[in-house]
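Asks: Next comes the structure file coords-v5.cif, holding mmCIF, C-alpha atoms and all ligand atoms.
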data_entry
loop_
_atom_site.group_PDB
_atom_site.id
_atom_site.type_symbol
_atom_site.label_atom_id
_atom_site.label_comp_id
_atom_site.auth_asym_id
_atom_site.auth_seq_id
_atom_site.Cartn_x
_atom_site.Cartn_y
_atom_site.Cartn_z
ATOM 1 C CA MET A 29 -216.319 3.305 -95.598
ATOM 2 C CA ALA A 30 -219.765 2.109 -94.778
ATOM 3 C CA PRO A 31 -222.338 4.881 -95.218
ATOM 4 C CA ARG A 32 -225.185 2.460 -94.357
ATOM 5 C CA ARG A 33 -224.048 2.459 -90.747
ATOM 6 C CA LYS A 34 -225.019 5.024 -88.168
ATOM 7 C CA LYS A 35 -222.074 7.118 -87.064
ATOM 8 C CA ILE A 36 -221.833 7.292 -83.285
ATOM 9 C CA TYR A 37 -218.679 9.328 -82.759
ATOM 10 C CA GLU A 38 -215.882 10.795 -84.829
ATOM 11 C CA GLY A 39 -212.579 11.318 -83.001
ATOM 12 C CA LYS A 40 -209.191 12.456 -84.210
ATOM 13 C CA ALA A 41 -207.969 9.034 -85.390
ATOM 14 C CA LYS A 42 -211.048 6.830 -85.585
ATOM 15 C CA ILE A 43 -214.764 6.792 -86.291
ATOM 16 C CA LEU A 44 -217.203 4.644 -84.336
ATOM 17 C CA TYR A 45 -220.245 3.208 -86.115
ATOM 18 C CA GLU A 46 -223.143 1.243 -84.748
ATOM 19 C CA GLY A 47 -222.300 -2.473 -84.937
ATOM 20 C CA PRO A 48 -224.365 -5.233 -86.559
ATOM 21 C CA GLU A 49 -225.589 -6.515 -83.185
ATOM 22 C CA PRO A 50 -226.541 -4.736 -79.973
ATOM 23 C CA GLY A 51 -223.518 -4.185 -77.752
ATOM 24 C CA THR A 52 -221.108 -4.020 -80.687
ATOM 25 C CA LEU A 53 -219.417 -1.163 -82.523
ATOM 26 C CA VAL A 54 -217.408 -0.842 -85.696
ATOM 27 C CA GLN A 55 -214.135 1.060 -85.319
ATOM 28 C CA TYR A 56 -212.961 2.727 -88.547
ATOM 29 C CA PHE A 57 -209.263 3.714 -88.583
ATOM 30 C CA LYS A 58 -208.553 7.023 -90.351
ATOM 31 C CA ASP A 59 -205.253 8.151 -91.854
ATOM 32 C CA ASP A 60 -205.265 11.363 -89.791
ATOM 33 C CA ALA A 61 -202.471 11.979 -87.325
ATOM 34 C CA THR A 62 -202.687 14.655 -84.645
ATOM 35 C CA ALA A 63 -200.296 15.740 -81.923
ATOM 36 C CA GLY A 64 -200.274 18.291 -79.140
ATOM 37 C CA ASN A 65 -203.996 17.759 -78.561
ATOM 38 C CA GLY A 66 -204.866 18.450 -82.205
ATOM 39 C CA ALA A 67 -202.582 21.473 -82.631
ATOM 40 C CA LYS A 68 -200.565 19.612 -85.297
ATOM 41 C CA LYS A 69 -202.403 17.661 -87.999
ATOM 42 C CA GLU A 70 -201.460 15.653 -91.048
ATOM 43 C CA VAL A 71 -202.801 12.793 -93.156
ATOM 44 C CA PHE A 72 -200.546 9.794 -93.740
ATOM 45 C CA GLU A 73 -201.826 7.525 -96.474
ATOM 46 C CA GLY A 74 -202.072 3.978 -95.175
ATOM 47 C CA LYS A 75 -201.690 4.759 -91.476
ATOM 48 C CA GLY A 76 -205.256 3.656 -90.689
ATOM 49 C CA VAL A 77 -204.762 0.346 -92.469
ATOM 50 C CA LEU A 78 -201.563 -0.311 -90.517
ATOM 51 C CA ASN A 79 -203.089 0.644 -87.151
ATOM 52 C CA ASN A 80 -206.160 -1.513 -87.802
ATOM 53 C CA ARG A 81 -203.858 -4.489 -88.461
ATOM 54 C CA LEU A 82 -201.501 -3.771 -85.594
ATOM 55 C CA SER A 83 -204.277 -3.207 -83.066
ATOM 56 C CA GLU A 84 -205.862 -6.484 -84.219
ATOM 57 C CA PHE A 85 -202.513 -8.235 -83.749
ATOM 58 C CA PHE A 86 -201.952 -6.940 -80.191
ATOM 59 C CA MET A 87 -205.556 -7.329 -79.023
ATOM 60 C CA THR A 88 -205.772 -10.884 -80.414
ATOM 61 C CA GLY A 89 -202.535 -11.804 -78.641
ATOM 62 C CA LEU A 90 -203.849 -10.347 -75.386
ATOM 63 C CA ASN A 91 -207.142 -12.246 -75.714
ATOM 64 C CA GLN A 92 -205.150 -15.439 -76.306
ATOM 65 C CA ILE A 93 -203.187 -15.088 -73.066
ATOM 66 C CA GLY A 94 -206.330 -14.295 -71.091
ATOM 67 C CA VAL A 95 -206.138 -10.495 -70.957
ATOM 68 C CA PRO A 96 -209.658 -9.351 -71.874
ATOM 69 C CA THR A 97 -210.086 -6.760 -74.640
ATOM 70 C CA HIS A 98 -212.977 -5.257 -76.581
ATOM 71 C CA PHE A 99 -211.718 -6.765 -79.844
ATOM 72 C CA ILE A 100 -214.002 -9.242 -81.639
ATOM 73 C CA ARG A 101 -212.683 -9.442 -85.209
ATOM 74 C CA ARG A 102 -211.298 -7.410 -88.057
ATOM 75 C CA LEU A 103 -213.881 -6.710 -90.764
ATOM 76 C CA ASN A 104 -211.784 -5.244 -93.557
ATOM 77 C CA MET A 105 -208.704 -3.113 -94.228
ATOM 78 C CA ARG A 106 -209.858 -0.210 -92.071
ATOM 79 C CA GLU A 107 -212.551 -1.574 -89.787
ATOM 80 C CA GLN A 108 -212.812 -3.884 -86.838
ATOM 81 C CA LEU A 109 -215.752 -5.128 -84.805
ATOM 82 C CA VAL A 110 -215.475 -4.475 -81.067
ATOM 83 C CA ARG A 111 -217.653 -4.804 -78.000
ATOM 84 C CA GLN A 112 -219.218 -1.547 -76.940
ATOM 85 C CA VAL A 113 -217.901 -0.563 -73.523
ATOM 86 C CA GLU A 114 -218.354 2.253 -71.014
ATOM 87 C CA ILE A 115 -215.023 4.002 -71.392
ATOM 88 C CA ILE A 116 -213.395 4.893 -68.058
ATOM 89 C CA PRO A 117 -212.410 8.554 -68.675
ATOM 90 C CA LEU A 118 -208.709 7.929 -68.090
ATOM 91 C CA GLU A 119 -205.658 7.497 -70.247
ATOM 92 C CA VAL A 120 -203.740 4.721 -68.534
ATOM 93 C CA ILE A 121 -200.037 5.151 -69.243
ATOM 94 C CA VAL A 122 -197.334 2.595 -68.502
ATOM 95 C CA ARG A 123 -193.719 3.717 -68.655
ATOM 96 C CA ASN A 124 -190.595 1.538 -68.716
ATOM 97 C CA PHE A 125 -188.114 4.224 -69.770
ATOM 98 C CA ALA A 126 -188.307 7.981 -69.272
ATOM 99 C CA ALA A 127 -189.614 9.940 -72.267
ATOM 100 C CA GLY A 128 -192.078 12.628 -73.253
ATOM 101 C CA SER A 129 -193.882 14.541 -70.524
ATOM 102 C CA MET A 130 -192.346 12.469 -67.728
ATOM 103 C CA ALA A 131 -188.793 13.220 -68.827
ATOM 104 C CA THR A 132 -189.702 16.926 -69.050
ATOM 105 C CA ARG A 133 -191.526 17.045 -65.725
ATOM 106 C CA LEU A 134 -188.799 15.287 -63.732
ATOM 107 C CA GLY A 135 -185.764 16.425 -65.719
ATOM 108 C CA LEU A 136 -184.867 12.853 -66.691
ATOM 109 C CA THR A 137 -182.784 11.863 -69.687
ATOM 110 C CA GLU A 138 -184.890 10.441 -72.566
ATOM 111 C CA GLY A 139 -184.416 6.700 -72.545
ATOM 112 C CA GLN A 140 -183.283 6.425 -68.933
ATOM 113 C CA GLN A 141 -184.556 3.129 -67.509
ATOM 114 C CA LEU A 142 -187.076 3.556 -64.701
ATOM 115 C CA PRO A 143 -186.634 1.580 -61.447
ATOM 116 C CA ARG A 144 -189.749 -0.395 -62.360
ATOM 117 C CA PRO A 145 -192.710 -0.001 -64.717
ATOM 118 C CA ILE A 146 -194.701 3.019 -63.599
ATOM 119 C CA VAL A 147 -198.436 3.385 -64.202
ATOM 120 C CA GLU A 148 -199.925 6.877 -64.339
ATOM 121 C CA PHE A 149 -203.357 8.293 -65.130
ATOM 122 C CA CYS A 150 -204.467 11.259 -67.184
ATOM 123 C CA TYR A 151 -208.035 12.536 -67.101
ATOM 124 C CA LYS A 152 -209.487 12.229 -70.615
ATOM 125 C CA ASP A 153 -210.631 15.726 -71.473
ATOM 126 C CA ASP A 154 -209.341 17.369 -74.653
ATOM 127 C CA ARG A 155 -210.326 20.856 -73.476
ATOM 128 C CA LEU A 156 -207.968 20.440 -70.540
ATOM 129 C CA GLY A 157 -205.276 18.656 -72.528
ATOM 130 C CA ASP A 158 -205.716 15.324 -70.684
ATOM 131 C CA PRO A 159 -204.021 16.410 -67.423
ATOM 132 C CA LEU A 160 -202.107 13.990 -65.203
ATOM 133 C CA VAL A 161 -204.211 13.202 -62.138
ATOM 134 C CA PRO A 162 -203.478 11.432 -58.836
ATOM 135 C CA GLU A 163 -205.571 8.423 -57.782
ATOM 136 C CA GLU A 164 -207.091 10.580 -55.052
ATOM 137 C CA TYR A 165 -208.776 12.788 -57.671
ATOM 138 C CA ILE A 166 -210.056 9.797 -59.637
ATOM 139 C CA ILE A 167 -211.749 8.310 -56.614
ATOM 140 C CA ALA A 168 -212.986 11.607 -55.142
ATOM 141 C CA PHE A 169 -214.587 12.680 -58.436
ATOM 142 C CA GLY A 170 -215.980 9.200 -59.027
ATOM 143 C CA TRP A 171 -214.257 8.601 -62.405
ATOM 144 C CA ALA A 172 -213.389 5.118 -61.113
ATOM 145 C CA ALA A 173 -213.565 3.274 -57.786
ATOM 146 C CA GLN A 174 -210.515 2.138 -55.809
ATOM 147 C CA GLN A 175 -211.204 -1.481 -56.795
ATOM 148 C CA ASP A 176 -211.400 -0.457 -60.464
ATOM 149 C CA LEU A 177 -208.064 1.333 -60.172
ATOM 150 C CA ASP A 178 -206.398 -1.709 -58.625
ATOM 151 C CA ASP A 179 -207.806 -3.850 -61.432
ATOM 152 C CA ILE A 180 -206.751 -1.289 -64.062
ATOM 153 C CA VAL A 181 -203.162 -1.227 -62.758
ATOM 154 C CA ALA A 182 -203.018 -5.047 -62.831
ATOM 155 C CA LEU A 183 -204.480 -5.084 -66.357
ATOM 156 C CA ALA A 184 -202.072 -2.395 -67.575
ATOM 157 C CA LEU A 185 -199.057 -4.269 -66.170
ATOM 158 C CA ARG A 186 -200.123 -7.485 -67.895
ATOM 159 C CA VAL A 187 -200.451 -5.579 -71.156
ATOM 160 C CA ASN A 188 -196.975 -4.142 -70.514
ATOM 161 C CA ASP A 189 -195.420 -7.586 -69.969
ATOM 162 C CA PHE A 190 -197.043 -8.936 -73.109
ATOM 163 C CA LEU A 191 -196.224 -5.964 -75.346
ATOM 164 C CA SER A 192 -192.656 -5.599 -74.018
ATOM 165 C CA GLY A 193 -192.011 -9.283 -74.750
ATOM 166 C CA VAL A 194 -193.519 -9.227 -78.224
ATOM 167 C CA MET A 195 -191.635 -6.066 -79.175
ATOM 168 C CA HIS A 196 -188.379 -7.301 -77.657
ATOM 169 C CA GLY A 197 -188.682 -10.384 -79.852
ATOM 170 C CA VAL A 198 -188.489 -8.192 -82.963
ATOM 171 C CA GLY A 199 -185.705 -5.919 -81.734
ATOM 172 C CA ILE A 200 -187.913 -3.078 -80.483
ATOM 173 C CA LYS A 201 -187.870 -1.473 -77.046
ATOM 174 C CA LEU A 202 -191.269 -0.616 -75.553
ATOM 175 C CA VAL A 203 -190.523 2.737 -73.915
ATOM 176 C CA ASP A 204 -194.103 3.499 -72.870
ATOM 177 C CA PHE A 205 -197.697 3.186 -74.042
ATOM 178 C CA LYS A 206 -201.221 4.332 -73.298
ATOM 179 C CA ILE A 207 -204.382 2.265 -73.114
ATOM 180 C CA GLU A 208 -208.016 3.005 -72.482
ATOM 181 C CA VAL A 209 -210.053 0.681 -70.305
ATOM 182 C CA GLY A 210 -213.770 0.040 -70.576
ATOM 183 C CA ARG A 211 -216.450 -1.580 -68.507
ATOM 184 C CA ILE A 212 -218.616 -4.381 -69.896
ATOM 185 C CA TRP A 213 -221.651 -5.737 -68.089
ATOM 186 C CA ASP A 214 -222.225 -9.488 -67.972
ATOM 187 C CA GLY A 215 -225.669 -9.196 -66.450
ATOM 188 C CA ASP A 216 -225.100 -7.360 -63.163
ATOM 189 C CA PHE A 217 -221.427 -8.260 -63.124
ATOM 190 C CA PRO A 218 -219.000 -5.577 -64.380
ATOM 191 C CA ARG A 219 -215.742 -6.549 -66.122
ATOM 192 C CA LEU A 220 -212.884 -4.311 -67.178
ATOM 193 C CA VAL A 221 -211.385 -4.796 -70.632
ATOM 194 C CA VAL A 222 -208.722 -3.129 -72.745
ATOM 195 C CA ALA A 223 -210.510 -0.900 -75.292
ATOM 196 C CA ASP A 224 -209.714 1.715 -77.955
ATOM 197 C CA GLU A 225 -206.505 0.747 -79.789
ATOM 198 C CA ILE A 226 -202.948 -0.431 -79.308
ATOM 199 C CA SER A 227 -200.782 0.846 -82.140
ATOM 200 C CA PRO A 228 -197.680 2.954 -82.798
ATOM 201 C CA ASP A 229 -200.005 5.962 -82.297
ATOM 202 C CA SER A 230 -200.297 5.024 -78.623
ATOM 203 C CA CYS A 231 -196.836 3.557 -77.898
ATOM 204 C CA ARG A 232 -193.228 4.721 -77.896
ATOM 205 C CA LEU A 233 -191.201 2.155 -79.806
ATOM 206 C CA TRP A 234 -187.442 2.425 -80.301
ATOM 207 C CA ASP A 235 -185.267 0.142 -82.373
ATOM 208 C CA ILE A 236 -183.007 -1.625 -79.863
ATOM 209 C CA GLU A 237 -179.909 -1.509 -82.114
ATOM 210 C CA THR A 238 -180.091 2.015 -83.514
ATOM 211 C CA GLY A 239 -182.533 3.846 -81.229
ATOM 212 C CA ARG A 240 -184.588 4.825 -84.294
ATOM 213 C CA LYS A 241 -188.087 5.923 -83.318
ATOM 214 C CA LEU A 242 -190.856 3.810 -84.848
ATOM 215 C CA ASP A 243 -193.925 5.520 -83.373
ATOM 216 C CA LYS A 244 -195.928 8.771 -83.460
ATOM 217 C CA ASP A 245 -192.913 10.759 -82.208
ATOM 218 C CA VAL A 246 -191.718 10.546 -85.841
ATOM 219 C CA PHE A 247 -194.615 12.895 -86.604
ATOM 220 C CA ARG A 248 -194.460 14.932 -83.366
ATOM 221 C CA LYS A 249 -190.753 15.654 -83.920
ATOM 222 C CA ASP A 250 -190.751 15.689 -87.760
ATOM 223 C CA LEU A 251 -188.318 12.790 -88.048
ATOM 224 C CA GLY A 252 -189.454 11.487 -91.425
ATOM 225 C CA SER A 253 -192.212 9.295 -92.810
ATOM 226 C CA LEU A 254 -194.710 8.050 -90.257
ATOM 227 C CA THR A 255 -196.091 5.422 -92.634
ATOM 228 C CA GLU A 256 -192.588 4.083 -93.224
ATOM 229 C CA ALA A 257 -191.974 3.738 -89.469
ATOM 230 C CA TYR A 258 -195.305 1.972 -88.838
ATOM 231 C CA THR A 259 -194.725 -0.253 -91.873
ATOM 232 C CA GLU A 260 -191.407 -1.309 -90.337
ATOM 233 C CA VAL A 261 -193.139 -2.302 -87.075
ATOM 234 C CA ALA A 262 -195.800 -4.259 -88.999
ATOM 235 C CA ARG A 263 -193.168 -5.922 -91.182
ATOM 236 C CA ARG A 264 -191.127 -7.083 -88.211
ATOM 237 C CA LEU A 265 -194.213 -8.495 -86.513
ATOM 238 C CA GLY A 266 -195.221 -10.288 -89.720
ATOM 239 C CA VAL A 267 -198.589 -8.545 -89.913
ATOM 240 C CA LEU A 268 -198.067 -6.467 -93.027
ATOM 241 C CA PRO A 269 -200.890 -7.035 -95.509
ATOM 242 C CA SER A 270 -199.180 -7.819 -98.813
ATOM 243 C CA ASN A 271 -201.142 -5.233 -100.827
ATOM 244 C CA VAL A 272 -200.454 -2.096 -98.794
ATOM 245 C CA THR A 273 -196.686 -1.747 -98.932
ATOM 246 C CA HIS A 274 -195.895 1.926 -98.696
ATOM 247 C CA ARG A 275 -195.703 3.599 -102.080
ATOM 248 C CA PRO A 276 -194.874 7.307 -102.180
ATOM 249 C CA LYS A 277 -197.340 9.324 -104.259
ATOM 250 C CA PRO A 278 -196.094 10.397 -107.698
ATOM 251 C CA THR A 279 -195.024 14.032 -107.681
ATOM 252 C CA LEU A 280 -196.538 16.393 -110.225
ATOM 253 C CA ILE A 281 -193.970 18.504 -111.998
ATOM 254 C CA ASN A 282 -195.074 21.669 -113.758
HETATM 255 N N1 LIG A 301 -215.106 -0.442 -77.301
HETATM 256 C C1 LIG A 301 -215.413 0.854 -77.218
HETATM 257 N N2 LIG A 301 -216.640 1.247 -76.833
HETATM 258 C C2 LIG A 301 -216.960 2.566 -76.748
HETATM 259 N N3 LIG A 301 -216.102 3.564 -77.025
HETATM 260 C C3 LIG A 301 -214.852 3.238 -77.408
HETATM 261 C C4 LIG A 301 -214.441 1.863 -77.521
HETATM 262 N N4 LIG A 301 -213.138 1.844 -77.912
HETATM 263 C C5 LIG A 301 -212.762 3.140 -78.039
HETATM 264 N N5 LIG A 301 -213.761 3.987 -77.743
HETATM 265 C C6 LIG A 301 -213.748 5.463 -77.821
HETATM 266 O O1 LIG A 301 -213.821 5.761 -79.211
HETATM 267 C C7 LIG A 301 -213.099 6.947 -79.530
HETATM 268 C C8 LIG A 301 -212.074 6.610 -80.600
HETATM 269 O O2 LIG A 301 -211.819 7.696 -81.384
HETATM 270 P P1 LIG A 301 -210.436 8.484 -81.406
HETATM 271 O O3 LIG A 301 -209.327 7.640 -80.867
HETATM 272 O O4 LIG A 301 -210.309 9.043 -82.756
HETATM 273 O O5 LIG A 301 -210.784 9.596 -80.325
HETATM 274 P P2 LIG A 301 -209.879 10.813 -79.926
HETATM 275 O O6 LIG A 301 -209.890 11.873 -80.934
HETATM 276 O O7 LIG A 301 -208.566 10.269 -79.480
HETATM 277 O O8 LIG A 301 -210.693 11.434 -78.750
HETATM 278 P P3 LIG A 301 -211.014 10.965 -77.320
HETATM 279 O O9 LIG A 301 -210.272 9.698 -77.086
HETATM 280 O O10 LIG A 301 -210.520 12.111 -76.495
HETATM 281 O O11 LIG A 301 -212.500 10.816 -77.273
HETATM 282 C C9 LIG A 301 -212.469 7.406 -78.228
HETATM 283 O O12 LIG A 301 -213.294 8.395 -77.645
HETATM 284 C C10 LIG A 301 -212.484 6.144 -77.360
HETATM 285 O O13 LIG A 301 -212.529 6.448 -76.003
HETATM 286 MG MG MG A 302 -207.931 8.307 -79.267
#
Transcribe the structure of this file into structure tokens.

Replies:
Amino acid sequence: MAPRRKKIYEGKAKILYEGPEPGTLVQYFKDDATAGNGAKKEVFEGKGVLNNRLSEFFMTGLNQIGVPTHFIRRLNMREQLVRQVEIIPLEVIVRNFAAGSMATRLGLTEGQQLPRPIVEFCYKDDRLGDPLVPEEYIIAFGWAAQQDLDDIVALALRVNDFLSGVMHGVGIKLVDFKIEVGRIWDGDFPRLVVADEISPDSCRLWDIETGRKLDKDVFRKDLGSLTEAYTEVARRLGVLPSNVTHRPKPTLIN
């Protein structure tokens, strides 16, 4: 941790610090996991390190294929330098297979393939539990303009194509994921970029062969070790830092 820096915001999974230059921020990845809007909480040693690495991996790949993101560079095991953006107050969700709240809402079987990738929006407000909102609301309340929404959908679908391909290459099915989008000003000219994080905290990832869950559902549904699942994703993608292999804590016997 870097106490010299001014803390700007502490969320459930990350802390934002003032960056070294104007227009930049440092994102610190914590080990905390929450689910059900903070109702369930646990600390998983090493999760922050893995998510920092994995988010770096995905954001760098996106930047390389011309999908703009806030990511500048990783600073250390738990921190990365990003461009400060105006966060659009939406969770942008892309779904390829039915799962989670969509499966519940529509009575679909978990894992059922959708006719095409579906993009949906939730209004980012923890007090309300990030409710699903139609485009009509977003535009009427001024959370984003119609043009922004069109651009966000296009951006989200490009992220989906990239992530689906990368995950498919290592035997993992991208069921769904969530991104946040931010606005950056180049002078008077606004640009939308992928912000926040892309990690197993914000995706549903299933092993293609076995169906094993390799994402935050492991924690939501108590299916075993979250760190082990994320380590497996990192290992397959070849982004596992050599010195953070998961080591269970010694147990005290008395
Ligand atoms: N580049 C960025 N510039 C400004 N804010 C950002 C940027 N990237 C992410 N954020 C914001 O930083 C916070 C990250 O913290 P964290 O993910 O822990 O929040 P959270 O507990 O999920 O809460 P919430 O997302 O509801 O604020 C989020 O509020 C996110 O919207
Ligand atoms: Mg968050």

Asks: Which residues fall under the PyMOL selection byres (((not hetatm)) within 8 of (chain A and resi 301)) in this file, as a ChimeraX atom specification?

Replies: /A:37-44,52-53,55,57,98-99,110-115,117,152-154,208,210,223-225

Asks: Run the PyMOL selection byres (((chain A and resi 130-136) around 12) and not hetatm) against the file shown and list the residues it catches, as an NGL selection string.

Replies: :A and (121-129 or 137-142 or 146-148 or 160 or 203-204)

Asks: Considering all atoms listed in the file, state which residue in the set A:Asn65, A:Thr259, A:Thr279, A:Thr88 is at the smallest distance from ligand MG 302 (chain A).

Replies: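 Closest to ligand MG 302 (chain A) of all the choices is A:Asn65.
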
Asks: What is the CA of Ile207 in chain A to CA of Val120 in chain A distance in Å?

Replies: 5.2 Å

Asks: Please provide the set of residues having any atom within 12 Å of Gly197 in chain A, restricted to only C-alpha atoms, with same-chain residues fewer than 3 positions apart removed, written as a ChimeraX atom specification.

Replies: /A:190-194,200-202,235-236,261,264-266

Asks: Have a look at A:Arg248, A:Leu118, A:Gly74, A:Arg32 and name the one nearest to ligand MG 302 (chain A); count only C-alpha atoms and all ligand atoms.

Replies: A:Leu118

Asks: Evaluate the PyMOL selection byres (((chain A and resi 184) around 9) and not hetatm) and record the selected residues as a list in words, following the chain and residue labels used in the document.

Replies: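 Evaluating the PyMOL selection byres (((chain A and resi 184) around 9) and not hetatm) on this file yields Val120, Ile121, Val122, Val147, Asp179, Ile180, Val181, Ala182, Leu183, Leu185, Arg186, Val187, Asn188, Asp189, Lys206, Ile207, Val209 and Val222 of chain A.
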
Asks: Excluding same-chain residues fewer than 4 positions from range 238-247 of chain A, what lies within 8 Å of it counting only C-alpha atoms, as JSON, numbers by chain?

Replies: {"A": [61, 63, 228, 229, 230, 231, 232, 233, 234, 251, 252, 253, 254, 257, 258, 260, 261]}

Asks: Of the candidates A:Gln174, A:Met87, A:Gln108, A:Ile226, which shows the shortest atom-to-atom distance to ligand MG 302 (chain A), using all atoms listed in the file?

Replies: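 So, comparing all the options, the nearest one is A:Ile226.
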
Asks: One decimal, Å: what's the distance from CA of Gly94 in chain A over to CA of Phe205 in chain A, could you say?

Replies: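 The value is 19.7 Å.
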